[in-house]
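**Q** Coordinates in data_1.tsv, TSV, C-alpha atoms, are listed below.
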```
chain	number	residue	atom	x	y	z
A	1	MET	CA	153.92	-29.60	309.16
A	2	THR	CA	156.37	-32.47	309.46
A	3	ILE	CA	159.32	-32.58	307.07
A	4	HIS	CA	161.19	-35.75	306.16
A	5	VAL	CA	164.45	-35.48	304.25
A	6	TYR	CA	166.63	-38.16	302.71
A	7	ALA	CA	170.11	-38.88	301.38
A	8	GLY	CA	172.33	-35.80	300.86
A	9	LEU	CA	169.75	-33.50	302.43
A	10	LYS	CA	170.60	-35.08	305.77
A	11	ASP	CA	173.94	-33.26	305.54
A	12	TYR	CA	171.95	-30.03	305.93
A	13	PHE	CA	168.83	-30.93	307.92
A	14	LEU	CA	167.68	-33.36	310.56
A	15	PRO	CA	166.06	-36.43	308.97
A	16	GLU	CA	162.71	-35.39	310.44
A	17	PHE	CA	161.65	-32.09	311.91
A	18	GLU	CA	158.61	-29.87	312.48
A	19	LEU	CA	157.97	-26.57	310.76
A	20	THR	CA	155.89	-24.20	312.84
A	21	GLU	CA	155.69	-21.57	310.12
A	22	GLU	CA	152.60	-21.50	307.92
A	23	VAL	CA	153.65	-22.90	304.57
A	24	GLY	CA	151.16	-22.92	301.72
A	25	ASN	CA	153.02	-24.29	298.74
A	26	ILE	CA	156.30	-25.68	297.47
A	27	ASP	CA	157.87	-22.27	296.79
A	28	GLN	CA	157.16	-21.18	300.35
A	29	LEU	CA	158.49	-24.46	301.69
A	30	ARG	CA	161.72	-24.10	299.71
A	31	ALA	CA	162.15	-20.58	301.08
A	32	CYS	CA	161.53	-21.82	304.57
A	33	LEU	CA	164.09	-24.60	304.22
A	34	LEU	CA	166.63	-22.19	302.77
A	35	ALA	CA	166.13	-19.93	305.77
A	36	ILE	CA	167.09	-22.87	307.97
A	37	ASN	CA	170.18	-23.73	305.94
A	38	GLU	CA	171.05	-21.72	302.85
A	39	GLN	CA	173.94	-24.09	302.05
A	40	ALA	CA	171.34	-26.57	300.82
A	41	ALA	CA	170.24	-24.20	298.03
A	42	LYS	CA	171.71	-26.13	295.09
A	43	LEU	CA	170.37	-29.47	296.25
A	44	LEU	CA	166.97	-28.08	297.22
A	45	ALA	CA	166.60	-26.60	293.74
A	46	ALA	CA	166.79	-30.12	292.31
A	47	CYS	CA	164.43	-31.73	294.83
A	48	ARG	CA	160.92	-33.00	294.28
A	49	PHE	CA	158.26	-33.01	296.97
A	50	ALA	CA	155.77	-35.68	297.96
A	51	VAL	CA	152.90	-36.06	300.41
A	52	ALA	CA	151.00	-39.20	301.36
A	53	ASP	CA	153.19	-41.29	299.10
A	54	GLY	CA	152.56	-39.24	295.98
A	55	PHE	CA	154.57	-36.50	294.26
A	56	VAL	CA	153.08	-33.01	294.16
A	57	ASP	CA	153.82	-30.07	291.89
A	58	SER	CA	154.09	-26.34	292.40
A	59	THR	CA	150.31	-25.88	292.26
A	60	TYR	CA	149.70	-28.12	295.28
A	61	LYS	CA	148.41	-26.42	298.42
A	62	PHE	CA	149.74	-27.95	301.61
A	63	LYS	CA	147.27	-28.90	304.31
A	64	ALA	CA	147.78	-28.23	308.00
A	65	HIS	CA	149.84	-30.85	309.80
A	66	GLU	CA	150.77	-32.56	306.54
A	67	ILE	CA	153.82	-34.81	306.30
A	68	VAL	CA	156.01	-33.61	303.45
A	69	ILE	CA	158.79	-35.69	301.94
A	70	VAL	CA	161.63	-33.78	300.34
A	71	VAL	CA	163.01	-36.01	297.59
A	72	PRO	CA	166.55	-35.37	296.30
A	73	PRO	CA	167.50	-36.48	292.76
A	74	SER	CA	167.36	-40.25	292.53
A	75	SER	CA	170.59	-42.24	292.42
A	76	GLY	CA	169.52	-45.84	292.60
A	77	GLY	CA	170.97	-48.74	290.67
B	78	MET	CA	140.74	-63.14	290.91
B	79	ARG	CA	144.32	-62.06	291.07
B	80	SER	CA	146.42	-61.78	287.93
B	81	SER	CA	150.11	-62.57	288.02
B	82	SER	CA	152.94	-61.46	285.78
B	83	SER	CA	154.50	-64.89	286.00
B	84	PHE	CA	153.27	-68.46	285.98
B	85	HIS	CA	156.20	-69.78	287.98
B	86	PRO	CA	155.41	-70.71	291.58
B	87	VAL	CA	158.64	-69.09	292.76
B	88	ALA	CA	157.10	-65.69	292.01
B	89	GLU	CA	154.07	-66.37	294.10
B	90	GLY	CA	154.56	-64.62	297.41
B	91	ARG	CA	158.24	-65.43	297.78
B	92	GLU	CA	158.89	-62.02	299.32
B	93	GLY	CA	155.76	-62.00	301.39
B	94	ALA	CA	154.02	-59.16	299.58
B	95	PRO	CA	150.28	-59.13	300.29
B	96	ASP	CA	149.34	-59.59	296.65
B	97	GLY	CA	151.89	-62.30	296.05
B	98	ALA	CA	154.02	-60.08	293.84
B	99	VAL	CA	157.78	-59.73	294.18
B	100	LYS	CA	158.64	-56.87	296.52
B	101	GLY	CA	160.22	-53.85	294.80
B	102	VAL	CA	162.56	-53.00	297.68
B	103	VAL	CA	164.33	-55.41	300.01
B	104	ASP	CA	166.87	-54.95	302.79
B	105	ARG	CA	168.70	-58.22	302.26
B	106	PRO	CA	170.72	-59.81	299.42
B	107	ILE	CA	168.77	-60.15	296.18
B	108	ASP	CA	168.04	-63.75	295.20
B	109	LEU	CA	169.03	-63.55	291.53
B	110	VAL	CA	168.57	-67.24	290.87
B	111	GLY	CA	165.16	-67.35	292.50
B	112	LEU	CA	163.99	-64.25	290.66
B	113	LEU	CA	165.28	-65.58	287.35
B	114	ALA	CA	163.27	-68.73	287.95
B	115	ALA	CA	160.24	-66.48	288.27
B	116	GLY	CA	161.09	-64.94	284.90
B	117	HIS	CA	160.22	-68.00	282.86
B	118	HIS	CA	156.89	-68.06	281.07
B	119	PRO	CA	155.46	-70.45	278.49
B	120	ALA	CA	154.71	-67.55	276.10
B	121	ALA	CA	158.23	-66.11	276.37
B	122	GLY	CA	161.04	-67.07	274.03
B	123	ALA	CA	163.35	-64.48	275.56
B	124	VAL	CA	164.23	-63.65	279.15
B	125	VAL	CA	166.58	-60.73	279.89
B	126	LEU	CA	168.10	-60.25	283.32
B	127	PHE	CA	169.95	-57.05	284.22
B	128	SER	CA	171.89	-57.03	287.47
B	129	GLY	CA	173.23	-53.67	288.65
B	130	GLU	CA	176.27	-54.50	290.76
B	131	VAL	CA	178.66	-52.59	292.99
B	132	ARG	CA	181.99	-51.65	291.36
B	133	GLU	CA	185.25	-51.53	293.27
B	134	SER	CA	186.02	-48.03	292.00
B	135	ASN	CA	184.19	-44.83	291.16
B	136	LEU	CA	185.90	-42.06	289.20
B	137	GLY	CA	189.27	-43.53	290.11
B	138	ARG	CA	188.54	-43.82	293.82
B	139	ALA	CA	188.55	-47.16	295.62
B	140	VAL	CA	185.07	-48.01	296.86
B	141	ALA	CA	184.58	-49.97	300.08
B	142	TYR	CA	180.82	-50.49	299.75
B	143	LEU	CA	177.61	-48.70	298.83
B	144	GLU	CA	174.74	-47.90	301.10
B	145	PHE	CA	171.27	-47.44	299.62
B	146	GLU	CA	168.42	-45.56	301.21
B	147	ALA	CA	164.84	-45.30	299.94
B	148	HIS	CA	161.46	-43.95	300.75
B	149	VAL	CA	160.17	-47.49	300.60
B	150	PRO	CA	156.39	-47.00	300.13
B	151	LEU	CA	156.89	-44.46	297.37
B	152	ALA	CA	159.72	-46.41	295.73
B	153	GLU	CA	157.68	-49.62	295.68
B	154	LYS	CA	154.68	-47.80	294.27
B	155	MET	CA	156.78	-46.24	291.51
B	156	ILE	CA	158.54	-49.49	290.63
B	157	SER	CA	155.17	-51.21	290.40
B	158	GLU	CA	153.81	-48.48	288.11
B	159	ILE	CA	156.93	-48.60	285.92
B	160	LEU	CA	156.58	-52.37	285.54
B	161	ILE	CA	152.88	-52.18	284.71
B	162	GLU	CA	153.49	-49.51	282.07
B	163	ALA	CA	156.39	-51.42	280.52
B	164	LYS	CA	154.49	-54.67	280.53
B	165	ALA	CA	151.66	-53.07	278.59
B	166	LYS	CA	153.88	-51.12	276.19
B	167	TRP	CA	156.10	-54.07	275.18
B	168	ARG	CA	153.47	-56.79	275.76
B	169	LEU	CA	155.77	-58.54	278.20
B	170	SER	CA	154.99	-61.94	279.63
B	171	VAL	CA	156.95	-61.13	282.80
B	172	ALA	CA	158.32	-57.94	284.33
B	173	ILE	CA	160.16	-58.03	287.65
B	174	ALA	CA	162.31	-55.43	289.38
B	175	GLN	CA	163.81	-55.39	292.82
B	176	HIS	CA	166.16	-52.89	294.49
B	177	ARG	CA	168.19	-53.56	297.60
B	178	ILE	CA	168.65	-51.02	300.37
B	179	GLY	CA	171.18	-50.91	303.18
B	180	ARG	CA	174.84	-51.82	302.83
B	181	VAL	CA	175.78	-53.57	299.57
B	182	GLY	CA	179.29	-54.96	299.09
B	183	ILE	CA	181.55	-55.00	296.04
B	184	GLY	CA	180.24	-57.39	293.41
B	185	GLU	CA	176.84	-57.72	295.04
B	186	THR	CA	173.61	-56.94	293.25
B	187	ALA	CA	171.99	-53.63	294.08
B	188	VAL	CA	169.15	-53.85	291.59
B	189	VAL	CA	167.74	-56.48	289.26
B	190	VAL	CA	165.35	-56.18	286.33
B	191	ILE	CA	163.94	-59.22	284.56
B	192	THR	CA	161.82	-59.03	281.43
B	193	ALA	CA	160.40	-61.85	279.37
B	194	SER	CA	158.61	-61.65	276.04
B	195	PRO	CA	157.91	-63.82	273.01
B	196	HIS	CA	160.91	-62.30	271.16
B	197	ARG	CA	164.16	-60.76	272.42
B	198	ASN	CA	163.82	-57.24	271.06
B	199	GLU	CA	160.93	-56.35	273.36
B	200	ALA	CA	162.58	-57.95	276.38
B	201	TYR	CA	165.85	-56.02	275.80
B	202	ASN	CA	164.17	-52.67	275.13
B	203	ALA	CA	161.77	-52.95	278.02
B	204	ASN	CA	164.54	-53.98	280.40
B	205	ARG	CA	166.62	-50.92	279.51
B	206	HIS	CA	163.61	-48.66	279.89
B	207	ILE	CA	162.73	-50.08	283.29
B	208	ILE	CA	166.22	-49.73	284.76
B	209	ASP	CA	166.58	-46.20	283.36
B	210	ARG	CA	163.34	-45.13	285.00
B	211	ILE	CA	164.13	-46.77	288.32
B	212	LYS	CA	167.57	-45.15	288.44
B	213	HIS	CA	166.28	-41.71	287.50
B	214	GLU	CA	162.84	-41.55	289.08
B	215	ALA	CA	162.39	-43.88	292.03
B	216	PRO	CA	163.18	-42.30	295.41
B	217	ILE	CA	166.24	-44.46	296.03
B	218	TRP	CA	169.64	-43.00	296.82
B	219	LYS	CA	173.12	-44.40	297.05
B	220	CYS	CA	175.96	-43.31	299.26
B	221	GLU	CA	179.46	-44.25	298.10
B	222	HIS	CA	181.69	-45.26	301.00
B	223	TYR	CA	185.32	-45.10	299.94
B	224	GLN	CA	188.32	-47.04	301.15
B	225	ASP	CA	189.84	-43.81	302.51
B	226	GLY	CA	186.96	-43.48	304.99
B	227	THR	CA	185.11	-40.69	303.17
B	228	LYS	CA	181.61	-40.97	301.80
B	229	GLU	CA	179.58	-39.20	299.14
B	230	TRP	CA	175.92	-39.26	298.23
B	231	GLY	CA	175.31	-40.17	294.61
B	232	ASN	CA	173.66	-37.74	292.29
B	233	ASN	CA	172.98	-39.74	289.15
B	234	CYS	CA	170.04	-37.82	287.93
B	235	ASN	CA	171.02	-34.36	286.82
B	236	CYS	CA	168.72	-34.49	283.83
B	237	GLN	CA	167.03	-31.24	284.72
B	238	ALA	CA	170.28	-29.44	283.92
B	239	VAL	CA	169.74	-30.49	280.30
B	240	THR	CA	165.97	-30.74	280.01
B	241	GLY	CA	165.15	-27.74	282.19
B	242	ASP	CA	162.48	-29.77	283.97
B	243	MET	CA	163.18	-32.02	286.94
B	244	MET	CA	160.38	-34.33	285.82
B	245	LYS	CA	161.85	-34.73	282.31
B	246	HIS	CA	164.75	-37.11	281.89
B	247	ILE	CA	167.38	-37.36	279.17
B	248	TYR	CA	166.57	-40.95	278.27
B	249	GLU	CA	163.01	-39.93	277.38
B	250	THR	CA	164.39	-38.14	274.31
B	251	GLU	CA	167.11	-40.69	273.49
B	252	ARG	CA	164.78	-43.14	271.80
```
Translate this file's structure into structure tokens.

**A**
Amino acid sequence: MTIHVYAGLKDYFLPEFELTEEVGNIDQLRACLLAINEQAAKLLAACRFAVADGFVDSTYKFKAHEIVIVVPPSSGG
Amino acid sequence: MRSSSSFHPVAEGREGAPDGAVKGVVDRPIDLVGLLAAGHHPAAGAVVLFSGEVRESNLGRAVAYLEFEAHVPLAEKMISEILIEAKAKWRLSVAIAQHRIGRVGIGETAVVVITASPHRNEAYNANRHIIDRIKHEAPIWKCEHYQDGTKEWGNNCNCQAVTGDMMKHIYETER
């Protein structure tokens, strides 16, 4: 699984990195990311997740080798 | 046959989008005058233009410039969907929105929304709705670069602290 992070998340993670762990859903992904850097906990709690240019919710099951976008709270405008 | 939100030739492919529409995200200065020209429509008696511009201070701190980042494909898709929904809801003649990414200087436009409708009420209301949704929902982020050399990522949307749901925003219950 490839993870892409943006904005403030780049203070905690590389902009793009591979996860070798088996991650089935968003809860597991959050736990995995927290294990990498627990200081990102507050921001991760407010993040949305997207795959293939569409947002996914907590019921979504990740596929193998999927590219996952971790989307911090928007702050455009 | 392609349908267009605007009759004005300036709107036709000026940003090079495959369908001729105005691009939702650009990495260069926004052409306010050109986009406003695309906002005119023979059925519209009202055209509203909102320009979100960079202030010289934020919470009392002197700002040097802002830097915007986006997930461009997703941001453009969301902006397009927001415009389509607003156009249908308020029966707009024209709906245009464009956000700039990269470094944006003081006084420069970071985002523009243009709405046109037969009467002003719909154009005003739709414009406010569109900019609220772009600011809160589109995957676009700003980083404030201050005169003292520090920087800070913006965090405008904390709606979930109030609504309890990160997909529910405060403005949805304001009107």

**Q** CA of Asp11 in chain A and CA of Arg177 in chain B, how far apart in Å?

**A**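 Going from CA of Arg177 in chain B over to CA of Asp11 in chain A, I get 22.5 Å.
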
**Q** I'd like to know which of A:Val70, A:His65, A:Gly24, A:Gly54 is closest to chain B, using all atoms listed in the file.

**A**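 Of A:Val70, A:His65, A:Gly24, A:Gly54, the one nearest chain B is A:Gly54, counting all atoms listed in the file.
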
**Q** Counting all atoms listed in the file, which residue out of A:Leu14, A:Ala45, A:Ala64, A:Val23 sits closest to chain B?

**A**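 Checking each of A:Leu14, A:Ala45, A:Ala64, A:Val23 against chain B, counting all atoms listed in the file, the winner is A:Ala45.
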
**Q** Tell me, in Å to one decimal, how far CA of Met1 in chain A is from CA of Cys32 in chain A.

**A**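 Going from CA of Met1 in chain A over to CA of Cys32 in chain A covers 11.8 Å.
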
**Q** Could you please tell me, as a short mmCIF file (atom, residue, chain, number, x, y, z; two decimals) with C-alpha atoms, keeping the file's coordinate frame, which residues of chain A have an atom within 9 Å of chain B when using only C-alpha atoms?

**A**
```
data_model
loop_
_atom_site.label_atom_id
_atom_site.label_comp_id
_atom_site.auth_asym_id
_atom_site.auth_seq_id
_atom_site.Cartn_x
_atom_site.Cartn_y
_atom_site.Cartn_z
CA TYR A 6 166.63 -38.16 302.71
CA ALA A 7 170.11 -38.88 301.38
CA GLY A 8 172.33 -35.80 300.86
CA ALA A 46 166.79 -30.12 292.31
CA CYS A 47 164.43 -31.73 294.83
CA ARG A 48 160.92 -33.00 294.28
CA ALA A 50 155.77 -35.68 297.96
CA ALA A 52 151.00 -39.20 301.36
CA ASP A 53 153.19 -41.29 299.10
CA GLY A 54 152.56 -39.24 295.98
CA PHE A 55 154.57 -36.50 294.26
CA ILE A 69 158.79 -35.69 301.94
CA VAL A 71 163.01 -36.01 297.59
CA PRO A 72 166.55 -35.37 296.30
CA PRO A 73 167.50 -36.48 292.76
CA SER A 74 167.36 -40.25 292.53
CA SER A 75 170.59 -42.24 292.42
CA GLY A 76 169.52 -45.84 292.60
CA GLY A 77 170.97 -48.74 290.67
#
```

**Q** Skipping near chain neighbours, those fewer than 6 positions away, what residues fall within 8 Å of Arg197 in chain B using all atoms listed in the file, listed as a list in words?

**A**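 Result of the neighbour search: Gly122, Ala123, Val124 and Val125 of chain B.
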
**Q** Could you tell me how far CA of Arg205 in chain B lies from CA of Tyr142 in chain B, in Å and to one decimal?

**A**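 Straight-line distance from CA of Arg205 in chain B to CA of Tyr142 in chain B works out to 24.7 Å.
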
**Q** Counting all atoms listed in the file, figure out which residue out of B:Ile183, B:Arg138, B:Asn202, B:Phe127 gets nearest to Leu113 in chain B.

**A** B:Phe127

**Q** List every protein, DNA or RNA residue that has at least one atom no more than 12 Å from (156.5, -22.6, 296.0) in the file's coordinates, counting only C-alpha atoms, and write the result as a list in words.

**A**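 Collected hits near the coordinates: Val23, Gly24, Asn25, Ile26, Asp27, Gln28, Leu29, Arg30, Ala31, Cys32, Leu33, Leu44, Ala45, Arg48, Phe49, Val56, Asp57, Ser58, Thr59, Tyr60, Lys61 and Phe62 of chain A.
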